[in-house]
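Q: What follows is a structure written as structure tokens; I'll ask about it next.
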Amino acid sequence: MGAQKTLVLTMAKTRDSIHGPAPAVRQIAGPLDGYRLGATDVPVRVYDLTLDGCLVEMGFGTLSGKGIRLQIDLPGEGWTVVHCEALHIAGHNAFAVRFIRLDEDTRSRIGRALDRLSDRPSEDDASVINGEANDD
């Protein structure tokens with residue numbers, strides 16, 4: 001099992017043990033490209049993007065506090081800056097964050113990206129023959 005899948009399963013088990021099973025939420029599984037903005041911008045990978053937050057994986061460094069700014073390349077919307085706070089460490093160099101102070105434009109951009117991608121079946125679920133989807 002890959003490290004990312006293990007991390008996601010661990011987070012889900014932690015959430016379920018604390019709050020019970022979560023209701024279905026529109027999300028983009030990722031990975032999406034991004035940066036933690038600061039004195040030196042640090043490349044990150046973004047997973048499980050929702051209107052409320054996401055999982056951020058960094059090659060090095062940590063995320064802490066409420067003054068975190070992420071720049072995320074939203075599919076179909078381009079680069080978008082969000083303000084967030086770290087909720088907890090989800091694994092080695094992986095952090096769950098909650099978006100804070102989202103303005104209406106940013107919320108709309110995330111919503112449109114979710115509308116575009118959250119309804120698509122995962123690549124594992126799609127049946128493809130010779131480069132074309134098979135509806136059988």
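Residues in the structure tokens are numbered from 1 in each chain, the chains being A, B, ... in the order shown, and ligands are numbered from 1 in the order shown.
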Which neighbours of Leu114 in chain A fall inside 7 Å, counting only C-alpha atoms, when residues of the same chain fewer than 6 positions from it are skipped, and could you give them as JSON, numbers by chain?
A: {"A": [26, 27, 28]}
Q: Selection from above, N, CA and C atoms, as a JSON list (two decimals), in the first residue's frame, can you write it?
A:
```
[["chain", "number", "residue", "atom", "x", "y", "z"],
["A", 26, "ARG", "N", -18.26, 16.75, -1.20],
["A", 26, "ARG", "CA", -17.62, 16.97, -2.49],
["A", 26, "ARG", "C", -16.16, 17.27, -2.25],
["A", 27, "GLN", "N", -15.29, 16.57, -2.95],
["A", 27, "GLN", "CA", -13.87, 16.82, -2.78],
["A", 27, "GLN", "C", -13.11, 16.45, -4.04],
["A", 28, "ILE", "N", -11.93, 17.02, -4.18],
["A", 28, "ILE", "CA", -11.00, 16.65, -5.24],
["A", 28, "ILE", "C", -9.90, 15.87, -4.56]]
```
Q: In Å, rounded to a single decimal, give me how far CA of Thr50 in chain A is from CA of Ala96 in chain A.
A: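 A separation of 11.6 Å between them.
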Q: Smallest atom-to-atom distance to His92 in chain A: which of A:Val25, A:Leu37, A:Val42, A:Val56, using only C-alpha atoms?
A: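 Nearest to His92 in chain A: A:Val56.
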Q: Looking at only C-alpha atoms, which of A:Gly76, A:Leu32, A:Leu70, A:Arg45 is the one that sits closest to Asp115 in chain A?
A: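 Checking each of A:Gly76, A:Leu32, A:Leu70, A:Arg45 against Asp115 in chain A, counting only C-alpha atoms, the winner is A:Gly76.
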Q: Can you pull out the residues contacting Ala39 in chain A? Cut-off 12 Å, using only C-alpha atoms, and skip same-chain residues under 3 positions away; I want them as a PyMOL selection string.
A: chain A and resi 35-36+42+68-69
Q: Pull C-alpha atoms from the residues just selected and write them as a PDB file, in the first residue's frame.
A:
```pdb
ATOM      1  CA  TYR A  35       3.024  26.333  -2.574  1.00  0.00           C
ATOM      2  CA  ARG A  36       3.175  27.344   1.055  1.00  0.00           C
ATOM      3  CA  VAL A  42       7.794  25.817  -0.458  1.00  0.00           C
ATOM      4  CA  ILE A  68      -0.656  29.981   6.726  1.00  0.00           C
ATOM      5  CA  ARG A  69      -1.097  31.017   3.107  1.00  0.00           C
TER       6      ARG A  69
END
```
Q: Would you give me, as number ranges by chain, the residues in range 24-108 of chain A that DSSP reads as strand (DSSP E)?
A: A: 32-37, 42-47, 53-58, 68-74, 78-91, 94-100
Q: Go ahead and dump the residues you just picked, C-alpha atoms, as an mmCIF file, in the first residue's frame.
A:
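Dumped to part.cif:
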```cif
data_model
loop_
_atom_site.group_PDB
_atom_site.id
_atom_site.type_symbol
_atom_site.label_atom_id
_atom_site.label_comp_id
_atom_site.auth_asym_id
_atom_site.auth_seq_id
_atom_site.Cartn_x
_atom_site.Cartn_y
_atom_site.Cartn_z
ATOM 1 C CA LEU A 32 -2.874 19.250 -6.894
ATOM 2 C CA ASP A 33 0.217 21.424 -7.158
ATOM 3 C CA GLY A 34 0.675 24.209 -4.660
ATOM 4 C CA TYR A 35 3.024 26.333 -2.574
ATOM 5 C CA ARG A 36 3.175 27.344 1.055
ATOM 6 C CA LEU A 37 3.767 31.075 0.704
ATOM 7 C CA VAL A 42 7.794 25.817 -0.458
ATOM 8 C CA PRO A 43 6.295 23.392 -3.017
ATOM 9 C CA VAL A 44 3.444 21.270 -1.625
ATOM 10 C CA ARG A 45 0.991 18.648 -2.872
ATOM 11 C CA VAL A 46 -2.674 19.109 -2.008
ATOM 12 C CA TYR A 47 -5.082 16.208 -1.434
ATOM 13 C CA GLY A 53 -9.882 22.651 3.814
ATOM 14 C CA CYS A 54 -7.455 20.049 2.533
ATOM 15 C CA LEU A 55 -4.524 17.798 3.307
ATOM 16 C CA VAL A 56 -1.127 19.363 2.562
ATOM 17 C CA GLU A 57 1.961 17.252 1.979
ATOM 18 C CA MET A 58 5.364 18.956 2.074
ATOM 19 C CA ILE A 68 -0.656 29.981 6.726
ATOM 20 C CA ARG A 69 -1.097 31.017 3.107
ATOM 21 C CA LEU A 70 -1.305 28.372 0.388
ATOM 22 C CA GLN A 71 -1.347 28.917 -3.350
ATOM 23 C CA ILE A 72 -3.173 26.041 -5.056
ATOM 24 C CA ASP A 73 -3.450 25.339 -8.783
ATOM 25 C CA LEU A 74 -7.203 24.700 -9.035
ATOM 26 C CA GLY A 78 -5.741 28.557 -12.092
ATOM 27 C CA TRP A 79 -3.640 29.598 -9.123
ATOM 28 C CA THR A 80 -5.659 30.597 -6.067
ATOM 29 C CA VAL A 81 -4.407 31.826 -2.675
ATOM 30 C CA VAL A 82 -6.164 30.616 0.468
ATOM 31 C CA HIS A 83 -5.584 31.502 4.122
ATOM 32 C CA CYS A 84 -5.689 28.563 6.482
ATOM 33 C CA GLU A 85 -4.788 27.167 9.862
ATOM 34 C CA ALA A 86 -3.188 23.840 10.658
ATOM 35 C CA LEU A 87 -5.542 21.468 12.481
ATOM 36 C CA HIS A 88 -3.213 18.557 13.115
ATOM 37 C CA ILE A 89 -0.272 16.613 11.814
ATOM 38 C CA ALA A 90 -1.583 13.818 9.625
ATOM 39 C CA GLY A 91 1.691 12.008 9.035
ATOM 40 C CA ALA A 94 1.509 15.978 6.000
ATOM 41 C CA PHE A 95 -0.919 18.382 7.643
ATOM 42 C CA ALA A 96 -4.685 18.806 7.694
ATOM 43 C CA VAL A 97 -5.649 22.462 7.269
ATOM 44 C CA ARG A 98 -8.909 24.407 7.498
ATOM 45 C CA PHE A 99 -9.539 27.399 5.267
ATOM 46 C CA ILE A 100 -10.213 30.660 7.079
#
```
